[in-house]
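data.tsv (TSV, C-alpha atoms)
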```tsv
chain	number	residue	atom	x	y	z
A	1	MET	CA	-56.45	-26.73	-61.75
A	2	PRO	CA	-57.09	-23.05	-62.61
A	3	ILE	CA	-55.78	-21.55	-65.84
A	4	THR	CA	-52.66	-19.59	-64.80
A	5	LEU	CA	-50.06	-17.46	-66.52
A	6	GLU	CA	-47.52	-20.25	-66.00
A	7	ALA	CA	-49.89	-22.78	-67.60
A	8	ASN	CA	-50.31	-20.50	-70.61
A	9	GLN	CA	-46.54	-20.14	-70.92
A	10	ARG	CA	-46.19	-23.93	-70.98
A	11	LEU	CA	-48.89	-24.15	-73.62
A	12	LEU	CA	-47.18	-21.53	-75.80
A	13	TYR	CA	-43.92	-23.48	-75.70
A	14	HIS	CA	-45.84	-26.66	-76.50
A	15	LEU	CA	-47.47	-25.03	-79.53
A	16	LYS	CA	-44.14	-23.71	-80.76
A	17	GLY	CA	-42.75	-27.24	-80.62
A	18	LEU	CA	-45.51	-28.61	-82.85
A	19	THR	CA	-44.18	-26.68	-85.85
A	20	THR	CA	-40.75	-28.32	-85.60
A	21	GLY	CA	-39.53	-31.70	-86.78
A	22	CYS	CA	-36.10	-31.56	-85.17
A	23	ASN	CA	-35.21	-33.43	-81.97
A	24	VAL	CA	-31.90	-32.87	-80.15
A	25	LEU	CA	-29.94	-35.24	-77.89
A	26	HIS	CA	-27.26	-33.91	-75.51
A	27	LEU	CA	-24.88	-36.49	-74.01
A	28	GLY	CA	-23.01	-36.39	-70.70
A	29	ALA	CA	-21.59	-38.71	-68.06
A	30	HIS	CA	-23.20	-37.28	-64.89
A	31	PRO	CA	-26.50	-35.54	-64.08
A	32	ASP	CA	-24.85	-32.09	-63.86
A	33	ASP	CA	-22.63	-32.32	-66.95
A	34	GLU	CA	-24.98	-30.47	-69.30
A	35	ASP	CA	-23.88	-27.38	-71.20
A	36	VAL	CA	-25.99	-25.19	-69.00
A	37	GLY	CA	-27.58	-22.79	-71.47
A	38	LEU	CA	-27.87	-25.20	-74.39
A	39	LEU	CA	-30.96	-27.06	-73.24
A	40	ALA	CA	-33.06	-23.97	-72.46
A	41	TYR	CA	-31.91	-22.31	-75.70
A	42	LEU	CA	-33.00	-25.21	-77.91
A	43	ALA	CA	-36.16	-26.17	-76.02
A	44	CYS	CA	-37.49	-22.64	-75.46
A	45	LYS	CA	-36.26	-20.65	-78.47
A	46	TYR	CA	-36.99	-23.24	-81.14
A	47	GLY	CA	-39.41	-25.54	-79.34
A	48	PHE	CA	-37.24	-28.54	-80.21
A	49	PRO	CA	-37.88	-31.67	-78.13
A	50	THR	CA	-34.52	-31.65	-76.32
A	51	TYR	CA	-33.11	-34.49	-74.22
A	52	TYR	CA	-30.20	-34.73	-71.83
A	53	TRP	CA	-28.80	-38.27	-71.44
A	54	SER	CA	-26.54	-38.98	-68.48
A	55	ALA	CA	-24.59	-42.24	-68.57
A	56	THR	CA	-24.81	-42.52	-64.77
A	57	ARG	CA	-26.95	-41.15	-61.97
A	58	GLY	CA	-23.91	-39.62	-60.28
A	59	GLU	CA	-23.59	-42.15	-57.44
A	60	GLY	CA	-19.89	-41.37	-56.99
A	61	GLY	CA	-20.23	-37.59	-56.71
A	62	GLN	CA	-19.99	-35.32	-53.71
A	63	ASN	CA	-22.92	-34.44	-51.48
A	64	ARG	CA	-23.12	-31.04	-49.83
A	65	VAL	CA	-26.71	-31.12	-48.62
A	66	ASN	CA	-27.35	-34.45	-46.85
A	67	ASP	CA	-25.83	-37.83	-45.90
A	68	TYR	CA	-26.89	-39.82	-48.96
A	69	GLN	CA	-24.09	-41.77	-50.64
A	70	ALA	CA	-23.74	-44.38	-53.41
A	71	GLU	CA	-27.13	-45.64	-54.72
A	72	ALA	CA	-29.13	-43.30	-52.47
A	73	LEU	CA	-27.14	-40.33	-53.77
A	74	GLY	CA	-27.82	-41.52	-57.33
A	75	VAL	CA	-31.55	-41.45	-56.66
A	76	PHE	CA	-31.32	-37.96	-55.14
A	77	ARG	CA	-29.24	-36.62	-58.02
A	78	SER	CA	-31.76	-38.09	-60.48
A	79	TRP	CA	-34.45	-36.05	-58.74
A	80	GLU	CA	-32.25	-32.96	-59.00
A	81	SER	CA	-31.88	-33.51	-62.74
A	82	LEU	CA	-35.63	-33.92	-63.20
A	83	ASP	CA	-36.23	-30.71	-61.21
A	84	ALA	CA	-33.73	-28.87	-63.43
A	85	ARG	CA	-35.60	-29.94	-66.55
A	86	GLY	CA	-38.72	-28.33	-65.12
A	87	HIS	CA	-36.99	-24.97	-65.68
A	88	ASP	CA	-35.23	-25.47	-69.02
A	89	ARG	CA	-38.05	-27.57	-70.58
A	90	ALA	CA	-35.77	-30.40	-71.68
A	91	THR	CA	-36.13	-34.07	-70.67
A	92	SER	CA	-33.70	-36.10	-68.57
A	93	LEU	CA	-32.73	-39.62	-69.58
A	94	PHE	CA	-30.32	-41.95	-67.78
A	95	GLY	CA	-28.02	-44.74	-68.86
A	96	PRO	CA	-27.50	-47.92	-66.83
A	97	PHE	CA	-23.92	-47.25	-65.73
A	98	PHE	CA	-22.72	-46.94	-62.14
A	99	ASP	CA	-20.63	-43.93	-61.18
A	100	PHE	CA	-17.76	-45.68	-59.43
A	101	GLY	CA	-15.93	-42.46	-58.59
A	102	PHE	CA	-13.08	-40.55	-60.16
A	103	SER	CA	-10.97	-42.15	-62.88
A	104	LYS	CA	-8.22	-40.66	-65.01
A	105	THR	CA	-8.72	-42.21	-68.43
A	106	ALA	CA	-11.42	-43.33	-70.83
A	107	ASP	CA	-9.83	-46.78	-70.98
A	108	ASP	CA	-10.28	-47.19	-67.24
A	109	ALA	CA	-13.97	-46.27	-67.37
A	110	LEU	CA	-14.65	-48.30	-70.51
A	111	SER	CA	-12.92	-51.35	-69.05
A	112	ARG	CA	-15.37	-51.24	-66.13
A	113	TRP	CA	-18.49	-50.41	-68.11
A	114	GLY	CA	-17.62	-52.25	-71.32
A	115	HIS	CA	-16.77	-50.28	-74.48
A	116	ASP	CA	-19.39	-51.97	-76.65
A	117	THR	CA	-21.99	-51.65	-73.90
A	118	VAL	CA	-21.50	-47.88	-73.70
A	119	VAL	CA	-21.78	-47.56	-77.49
A	120	ARG	CA	-24.91	-49.71	-77.47
A	121	GLU	CA	-26.60	-47.66	-74.74
A	122	ILE	CA	-25.93	-44.39	-76.58
A	123	VAL	CA	-27.34	-46.03	-79.70
A	124	ARG	CA	-30.40	-46.97	-77.63
A	125	ALA	CA	-30.77	-43.32	-76.59
A	126	ILE	CA	-30.44	-42.12	-80.21
A	127	ARG	CA	-32.99	-44.59	-81.54
A	128	THR	CA	-35.36	-43.80	-78.69
A	129	VAL	CA	-35.15	-40.01	-79.03
A	130	GLN	CA	-34.73	-39.97	-82.85
A	131	PRO	CA	-32.65	-36.76	-82.89
A	132	HIS	CA	-31.51	-34.84	-85.94
A	133	ILE	CA	-28.67	-33.34	-83.90
A	134	VAL	CA	-26.47	-35.06	-81.32
A	135	ILE	CA	-24.29	-32.87	-79.09
A	136	THR	CA	-21.78	-34.44	-76.73
A	137	ARG	CA	-20.58	-32.49	-73.71
A	138	TRP	CA	-17.21	-34.27	-73.83
A	139	GLN	CA	-14.73	-34.86	-76.62
A	140	GLY	CA	-13.12	-38.12	-75.51
A	141	HIS	CA	-9.61	-36.88	-74.71
A	142	ALA	CA	-7.57	-36.07	-71.60
A	143	GLY	CA	-8.81	-32.48	-71.61
A	144	ASP	CA	-12.18	-33.80	-70.42
A	145	PHE	CA	-10.53	-34.28	-67.01
A	146	HIS	CA	-12.66	-37.18	-65.68
A	147	GLY	CA	-12.23	-40.65	-67.22
A	148	GLN	CA	-16.00	-41.12	-67.31
A	149	HIS	CA	-16.32	-37.86	-69.27
A	150	GLN	CA	-13.72	-39.13	-71.73
A	151	ALA	CA	-15.49	-42.49	-72.07
A	152	VAL	CA	-18.80	-40.92	-73.11
A	153	GLY	CA	-17.09	-38.56	-75.55
A	154	LYS	CA	-15.16	-41.41	-77.11
A	155	ALA	CA	-18.11	-43.80	-77.44
A	156	ALA	CA	-20.49	-41.15	-78.76
A	157	VAL	CA	-18.69	-40.83	-82.10
A	158	GLU	CA	-19.02	-44.55	-82.80
A	159	ALA	CA	-22.65	-44.55	-81.63
A	160	PHE	CA	-23.53	-41.74	-84.06
A	161	ASP	CA	-22.56	-43.98	-87.00
A	162	ALA	CA	-23.96	-47.19	-85.51
A	163	ALA	CA	-27.41	-45.79	-84.73
A	164	GLY	CA	-28.44	-45.71	-88.40
A	165	ASN	CA	-27.05	-49.16	-89.22
A	166	PRO	CA	-29.75	-51.86	-88.98
A	167	GLN	CA	-27.02	-54.49	-88.59
A	168	ARG	CA	-25.84	-52.94	-85.31
A	169	TYR	CA	-27.65	-53.84	-82.10
A	170	PRO	CA	-30.85	-55.38	-83.51
A	171	GLU	CA	-31.47	-56.74	-79.99
A	172	LEU	CA	-32.59	-53.25	-78.95
A	173	SER	CA	-35.83	-53.80	-80.92
A	174	LEU	CA	-35.76	-50.17	-82.01
A	175	PRO	CA	-35.72	-49.13	-85.68
A	176	PRO	CA	-32.43	-47.58	-86.84
A	177	TRP	CA	-32.26	-43.80	-86.85
A	178	GLN	CA	-29.46	-41.77	-88.41
A	179	PRO	CA	-28.93	-38.28	-86.95
A	180	LEU	CA	-27.84	-35.63	-89.42
A	181	LYS	CA	-25.22	-33.72	-87.39
A	182	PHE	CA	-22.84	-34.44	-84.53
A	183	TYR	CA	-21.31	-31.64	-82.43
A	184	GLU	CA	-18.74	-31.57	-79.63
A	185	SER	CA	-18.96	-28.94	-76.92
A	186	MET	CA	-15.86	-26.78	-76.68
A	187	ASP	CA	-16.39	-26.76	-72.87
A	188	SER	CA	-16.22	-22.99	-72.98
A	189	SER	CA	-19.07	-21.92	-70.72
A	190	GLY	CA	-20.93	-23.17	-67.67
A	191	GLY	CA	-21.06	-26.84	-66.86
A	192	ASP	CA	-18.78	-28.72	-64.50
A	193	GLN	CA	-16.81	-26.11	-62.57
A	194	SER	CA	-14.26	-28.54	-61.12
A	195	ALA	CA	-10.63	-28.65	-62.25
A	196	GLY	CA	-10.43	-28.92	-66.01
A	197	GLY	CA	-14.03	-27.77	-66.35
A	198	ALA	CA	-15.51	-24.46	-67.33
A	199	LEU	CA	-13.18	-21.93	-68.89
A	200	ASN	CA	-15.55	-19.05	-69.48
A	201	LEU	CA	-18.14	-18.66	-66.75
A	202	GLU	CA	-18.99	-15.16	-67.98
A	203	GLY	CA	-19.95	-16.45	-71.43
A	204	ARG	CA	-17.64	-14.06	-73.27
A	205	ARG	CA	-16.83	-14.28	-76.95
A	206	LEU	CA	-13.53	-16.13	-77.34
A	207	ALA	CA	-11.35	-15.05	-80.27
A	208	GLU	CA	-9.55	-18.39	-80.39
A	209	LEU	CA	-12.85	-20.18	-81.07
A	210	GLU	CA	-14.07	-17.78	-83.76
A	211	ARG	CA	-13.00	-20.00	-86.64
A	212	GLU	CA	-14.28	-22.36	-89.30
A	213	GLY	CA	-15.86	-25.58	-88.13
A	214	ILE	CA	-17.15	-24.04	-84.90
A	215	VAL	CA	-20.61	-22.57	-84.38
A	216	ARG	CA	-21.38	-19.94	-81.75
A	217	ILE	CA	-24.76	-19.53	-80.06
A	218	ASN	CA	-25.92	-16.71	-77.79
A	219	THR	CA	-28.07	-18.00	-74.93
A	220	GLY	CA	-28.33	-14.44	-73.59
A	221	GLU	CA	-31.10	-13.71	-76.11
A	222	PHE	CA	-34.35	-12.53	-74.54
A	223	ASP	CA	-37.26	-14.97	-74.34
A	224	SER	CA	-40.49	-12.98	-74.63
A	225	ILE	CA	-42.60	-15.84	-73.27
A	226	SER	CA	-40.80	-16.17	-69.94
A	227	GLY	CA	-39.61	-12.56	-69.65
A	228	MET	CA	-35.97	-13.56	-69.10
A	229	THR	CA	-33.04	-14.75	-71.19
A	230	TYR	CA	-32.50	-18.39	-72.05
A	231	GLN	CA	-29.32	-18.35	-69.95
A	232	GLN	CA	-31.20	-17.01	-66.93
A	233	ARG	CA	-33.64	-19.91	-67.22
A	234	ALA	CA	-30.69	-22.26	-67.57
A	235	TRP	CA	-28.99	-21.04	-64.38
A	236	LEU	CA	-32.26	-21.47	-62.46
A	237	ALA	CA	-32.31	-25.04	-63.72
A	238	TYR	CA	-28.66	-25.69	-62.94
A	239	ASN	CA	-29.06	-24.46	-59.36
A	240	HIS	CA	-31.09	-27.59	-58.66
A	241	HIS	CA	-27.85	-29.61	-58.61
A	242	ARG	CA	-27.52	-28.72	-54.96
A	243	THR	CA	-25.62	-31.82	-53.86
A	244	GLN	CA	-22.80	-30.74	-56.17
A	245	GLY	CA	-22.67	-27.27	-54.66
A	246	MET	CA	-24.08	-25.49	-57.71
A	247	GLY	CA	-25.37	-21.99	-57.02
A	248	VAL	CA	-25.32	-19.15	-59.55
A	249	THR	CA	-27.18	-15.85	-59.51
A	250	PRO	CA	-28.79	-15.49	-62.96
A	251	LYS	CA	-28.13	-12.21	-64.72
A	252	PRO	CA	-29.17	-10.87	-68.13
A	253	GLY	CA	-26.85	-10.13	-71.02
A	254	ASP	CA	-25.12	-11.91	-73.89
A	255	PHE	CA	-23.75	-15.37	-73.09
A	256	TYR	CA	-21.88	-17.41	-75.68
A	257	TYR	CA	-21.28	-21.14	-76.20
A	258	TYR	CA	-19.16	-22.80	-78.87
A	259	PHE	CA	-19.62	-26.19	-80.53
A	260	ARG	CA	-17.39	-27.95	-83.04
A	261	LEU	CA	-19.01	-29.83	-85.91
A	262	LYS	CA	-17.55	-33.33	-85.76
A	263	LYS	CA	-19.73	-35.03	-88.40
A	264	SER	CA	-22.43	-33.89	-90.80
A	265	LEU	CA	-24.50	-35.77	-93.34
A	266	VAL	CA	-25.80	-32.49	-94.79
A	267	PRO	CA	-23.75	-29.81	-96.58
A	268	VAL	CA	-22.84	-26.83	-94.40
A	269	GLU	CA	-20.93	-23.59	-94.76
A	270	PRO	CA	-17.42	-23.41	-93.21
A	271	ARG	CA	-18.76	-20.86	-90.69
A	272	GLU	CA	-22.19	-22.01	-89.60
A	273	GLU	CA	-24.68	-19.48	-88.30
A	274	ALA	CA	-26.77	-22.01	-86.36
A	275	LEU	CA	-26.79	-25.61	-85.17
A	276	VAL	CA	-29.59	-26.36	-87.66
A	277	SER	CA	-27.70	-25.06	-90.70
A	278	GLY	CA	-27.87	-27.39	-93.70
A	279	PHE	CA	-31.33	-28.88	-93.17
A	280	ASP	CA	-34.94	-27.87	-92.64
A	281	PRO	CA	-35.74	-28.24	-88.91
A	282	SER	CA	-39.50	-27.73	-89.43
A	283	LEU	CA	-42.05	-30.51	-89.49
A	284	LEU	CA	-41.96	-30.33	-93.29
A	285	GLY	CA	-38.27	-31.22	-93.16
A	286	LEU	CA	-39.20	-34.80	-92.23
A	287	ALA	CA	-39.86	-35.34	-95.93
A	288	ASP	CA	-36.11	-35.01	-96.53
A	289	HIS	CA	-34.99	-37.30	-93.73
A	290	PRO	CA	-35.14	-40.52	-95.80
A	291	GLY	CA	-32.34	-39.10	-97.98
A	292	ASP	CA	-33.14	-37.44	-101.28
A	293	GLY	CA	-36.58	-36.35	-100.18
A	294	ASN	CA	-39.99	-37.96	-100.47
A	295	GLU	CA	-42.74	-36.11	-102.32
A	296	PHE	CA	-45.51	-38.23	-100.79
A	297	LEU	CA	-44.42	-37.17	-97.32
A	298	ARG	CA	-43.99	-33.56	-98.38
A	299	GLU	CA	-47.46	-33.39	-99.93
A	300	ARG	CA	-49.09	-34.92	-96.84
A	301	LEU	CA	-47.07	-32.89	-94.31
A	302	LEU	CA	-47.76	-29.52	-95.94
A	303	PRO	CA	-51.43	-29.16	-94.80
A	304	ILE	CA	-50.41	-30.30	-91.30
A	305	VAL	CA	-47.80	-27.57	-91.15
A	306	GLU	CA	-50.29	-24.99	-92.46
A	307	LYS	CA	-52.92	-25.93	-89.86
A	308	THR	CA	-50.35	-25.92	-87.06
A	309	THR	CA	-49.01	-22.52	-88.10
A	310	GLN	CA	-52.60	-21.20	-88.20
A	311	ALA	CA	-53.25	-22.52	-84.68
A	312	VAL	CA	-50.14	-20.84	-83.32
A	313	ALA	CA	-51.05	-17.57	-85.05
A	314	ASN	CA	-54.62	-17.72	-83.69
A	315	PHE	CA	-53.59	-18.56	-80.16
A	316	GLY	CA	-54.53	-16.03	-77.48
A	317	LEU	CA	-55.86	-15.94	-73.96
A	318	LEU	CA	-59.41	-15.39	-75.23
A	319	ASN	CA	-59.52	-17.81	-78.17
A	320	GLN	CA	-57.52	-20.83	-77.13
A	321	ALA	CA	-60.41	-23.15	-77.96
A	322	ASP	CA	-60.33	-21.96	-81.59
A	323	ALA	CA	-56.64	-22.86	-81.78
A	324	GLY	CA	-57.48	-26.27	-80.32
A	325	ALA	CA	-60.10	-26.91	-83.00
A	326	VAL	CA	-57.55	-26.15	-85.74
A	327	LEU	CA	-55.06	-28.48	-84.07
A	328	LEU	CA	-57.63	-31.27	-84.08
A	329	HIS	CA	-57.78	-30.96	-87.89
A	330	ALA	CA	-53.97	-31.13	-88.03
A	331	CYS	CA	-54.00	-34.13	-85.71
A	332	THR	CA	-56.48	-35.93	-87.97
A	333	ARG	CA	-54.24	-35.30	-90.99
A	334	LEU	CA	-51.24	-36.58	-89.06
A	335	ARG	CA	-53.05	-39.79	-88.10
A	336	GLU	CA	-54.07	-40.27	-91.74
A	337	LEU	CA	-50.45	-39.83	-92.82
A	338	HIS	CA	-49.37	-42.36	-90.23
A	339	ARG	CA	-52.02	-44.80	-91.48
A	340	ASP	CA	-50.94	-44.38	-95.13
A	341	LEU	CA	-47.19	-44.39	-94.49
A	342	ARG	CA	-46.86	-47.70	-96.34
A	343	ASP	CA	-47.77	-45.82	-99.55
A	344	ALA	CA	-44.71	-43.56	-99.27
A	345	GLY	CA	-42.42	-46.13	-100.89
A	346	LEU	CA	-39.86	-46.01	-98.09
A	347	GLU	CA	-37.32	-48.69	-97.27
A	348	PRO	CA	-38.53	-50.87	-94.37
A	349	PRO	CA	-36.04	-49.53	-91.76
A	350	CYS	CA	-36.90	-45.93	-92.63
A	351	ALA	CA	-40.63	-46.65	-92.65
A	352	ALA	CA	-40.37	-48.28	-89.22
A	353	ALA	CA	-38.46	-45.29	-87.84
A	354	LEU	CA	-40.95	-42.74	-89.19
A	355	ASP	CA	-43.86	-44.88	-88.01
A	356	ARG	CA	-42.51	-44.61	-84.47
A	357	TYR	CA	-41.80	-40.90	-84.91
A	358	PHE	CA	-45.36	-40.11	-86.02
A	359	VAL	CA	-46.86	-42.00	-83.07
A	360	TYR	CA	-44.96	-39.68	-80.74
A	361	ARG	CA	-45.90	-36.60	-82.77
A	362	SER	CA	-49.59	-37.53	-82.80
A	363	GLY	CA	-49.54	-37.68	-79.02
A	364	ALA	CA	-48.00	-34.20	-78.82
A	365	PHE	CA	-50.69	-32.79	-81.15
A	366	GLN	CA	-53.51	-34.41	-79.19
A	367	GLU	CA	-52.17	-33.09	-75.89
A	368	ALA	CA	-51.86	-29.55	-77.27
A	369	ALA	CA	-55.37	-29.63	-78.74
A	370	ALA	CA	-56.84	-30.87	-75.45
A	371	ARG	CA	-55.05	-28.20	-73.44
A	372	CYS	CA	-56.20	-25.43	-75.80
A	373	MET	CA	-59.79	-26.65	-75.50
A	374	GLY	CA	-59.60	-26.83	-71.71
A	375	LEU	CA	-59.82	-30.62	-71.42
A	376	GLU	CA	-57.98	-32.08	-68.46
A	377	LEU	CA	-57.52	-35.71	-67.46
A	378	GLU	CA	-57.50	-36.39	-63.74
A	379	GLY	CA	-56.23	-39.70	-62.42
A	380	LEU	CA	-56.29	-40.47	-58.68
A	381	SER	CA	-54.96	-43.50	-56.84
A	382	ASP	CA	-55.66	-44.45	-53.24
A	383	ARG	CA	-52.02	-45.50	-52.80
A	384	LEU	CA	-48.94	-43.34	-53.31
A	385	ARG	CA	-46.67	-46.34	-53.97
A	386	THR	CA	-47.37	-49.94	-54.77
A	387	VAL	CA	-45.51	-53.19	-55.42
A	388	PRO	CA	-46.48	-56.32	-57.39
A	389	GLY	CA	-49.34	-58.14	-55.69
A	390	ASP	CA	-50.85	-55.08	-54.04
A	391	ARG	CA	-54.43	-53.98	-54.67
A	392	LEU	CA	-55.26	-50.34	-55.38
A	393	ARG	CA	-58.18	-48.26	-56.56
A	394	VAL	CA	-57.80	-45.76	-59.41
A	395	SER	CA	-60.42	-43.23	-60.47
A	396	ALA	CA	-60.32	-41.19	-63.69
A	397	ARG	CA	-62.26	-38.12	-64.77
A	398	LEU	CA	-62.15	-35.95	-67.87
A	399	TRP	CA	-62.83	-32.31	-67.00
A	400	SER	CA	-63.99	-29.73	-69.53
A	401	LYS	CA	-62.86	-26.45	-67.99
A	402	ARG	CA	-64.14	-24.32	-70.87
A	403	GLY	CA	-67.58	-25.93	-70.98
A	404	ILE	CA	-66.93	-27.73	-74.27
A	405	GLY	CA	-69.31	-30.67	-74.58
A	406	VAL	CA	-67.84	-34.17	-74.43
A	407	ASP	CA	-70.14	-36.87	-75.83
A	408	SER	CA	-68.24	-39.82	-74.39
A	409	ALA	CA	-64.96	-40.74	-72.77
A	410	ARG	CA	-63.21	-44.08	-72.41
A	411	PHE	CA	-60.36	-44.77	-70.00
A	412	ARG	CA	-57.71	-47.48	-70.12
A	413	LEU	CA	-55.23	-48.09	-67.33
A	414	ALA	CA	-51.71	-48.71	-68.67
A	415	VAL	CA	-49.61	-50.43	-66.00
A	416	PRO	CA	-46.57	-52.73	-65.91
A	417	ARG	CA	-47.35	-56.44	-65.91
```
Can you turn what I pasted into structure tokens?
Amino acid sequence: MPITLEANQRLLYHLKGLTTGCNVLHLGAHPDDEDVGLLAYLACKYGFPTYYWSATRGEGGQNRVNDYQAEALGVFRSWESLDARGHDRATSLFGPFFDFGFSKTADDALSRWGHDTVVREIVRAIRTVQPHIVITRWQGHAGDFHGQHQAVGKAAVEAFDAAGNPQRYPELSLPPWQPLKFYESMDSSGGDQSAGGALNLEGRRLAELEREGIVRINTGEFDSISGMTYQQRAWLAYNHHRTQGMGVTPKPGDFYYYFRLKKSLVPVEPREEALVSGFDPSLLGLADHPGDGNEFLRERLLPIVEKTTQAVANFGLLNQADAGAVLLHACTRLRELHRDLRDAGLEPPCAAALDRYFVYRSGAFQEAAARCMGLELEGLSDRLRTVPGDRLRVSARLWSKRGIGVDSARFRLAVPR
């Protein structure tokens, strides 16, 4: 694959994300429930690993482009959500719940899905993603219009508290993880445009929401990497929900969203300036996540942050390999920290959570270093799809597009049993 401007844009976003330690989880009921500009704003402006979790795959929704219904529609809408994330740089996740169609109340939806089951699955998402911030699209009351919207909003509050409790849902086999902040969308811009949905499709500032306890973000800020605003990127993403009749012409200019702080484990000002107010969202901020701060983690994270910052500063079209070499040093330090994590004196649940976190982070550093150095893994299969019992042939090659010497390469095929 040739080195393109689009590939370099992706790499720049990837590098920006390496300097952060903050993950964000956005919760909804259906694949098109997201606060449209939020995902692009967080993923592109800050480089935060940002995830959108939909309780269902939207099997009960409308379909304006083909004849798919029920399960087939759910598959198609899942594809639409994945395509949308290709524009806003977030990641789509899905719960196990079936969209049975319109309902009026949270109690109706929760009686079908199971209240505790919904809480458990949101806890699963939190422990999987390990977010510092959780933002729910819905607030859990009648103003959310759809009963399934209300159900997710209602269960999310309980899940926020349960996720950090090792006594809750040990059967998930995931270490507990306590997010620091929980926000509710004020449903003020974009999103579901059905009855009871969006109130402010122009993204105007709303005087009634300019008050304490509510934070305002402007997704109309210009993104110098893509050459458009975060909201423009978001509308391009949202237009992929074609079965639901979504189609918006992106335009530049200020565009405002409002979020109410529901819970916070960190001190914040009455009028927050940003969603990350009250804690350090950088990679170094992980040293504070166990509670009062951990000097061992801080001391070991500091050179990693310095190397990563140096790599980002050195990055350019003509010296990407140099940035990759610096990232390899940072990656080595991160693996050493992961190896020595037992010396940090952390409580076992916290140590297990950070152990899992650093495995993910090491993978992100390795991928960025390889891409900067022009290394590309190619995997080819002689079958597009396969089922248990089939035979297939897989070939793997490691390409060095920049001519960097590779002494040896080992490949391992990771497949389901």
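Here the residues that fall within 9 Å of (-24.2, -32.0, -71.9), using all atoms listed in the file, are given as Leu25, His26, Leu27, Gly28, Ala29, His30, Pro31, Asp32, Asp33, Glu34, Asp35, Val36, Leu38, Leu39, Tyr52, Trp53, Ser54, Ile135, Thr136, Arg137, Trp138, Ser185 and Gly191 of chain A.
Distances here use all atoms listed in the file; by that measure, the residue among A:Ser408, A:Ser81, A:Ser224, A:Asn63 closest to A:Gln9 is A:Ser224.
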| field | Which residue of A:Leu275, A:Gln139, A:Val152, A:Ser92 approaches A:Tyr41 most closely, using only C-alpha atoms | value |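 Among the listed residues, the smallest separation from A:Tyr41 belongs to A:Leu275.
The interatomic distance for the pair atom CA of A:Arg412 and atom CA of A:Met373 works out to 21.6 Å.
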| field | Residue neighbourhood stretch 264-268 of chain A, 7 Å, only C-alpha atoms, exclusion window fewer than 5 positions, as a list in words | value |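 In the requested format, the answer is Leu180, Lys181, Phe182, Ser277, Gly278 and Phe279 of chain A.
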| query | atom CA of A:Cys22 and atom CA of A:Ser282 are how many Å apart? | reply | 6.7 Å
| task | For A:Tyr13, please output as a ChimeraX atom specification all residues within 7 Å (counting only C-alpha atoms; exclusion window: fewer than 3 positions along the same chain). | result | /A:9-10,16-17,44,47
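Take atom CA of A:Gly101 and atom CA of A:Trp79: the distance between them is 19.6 Å.
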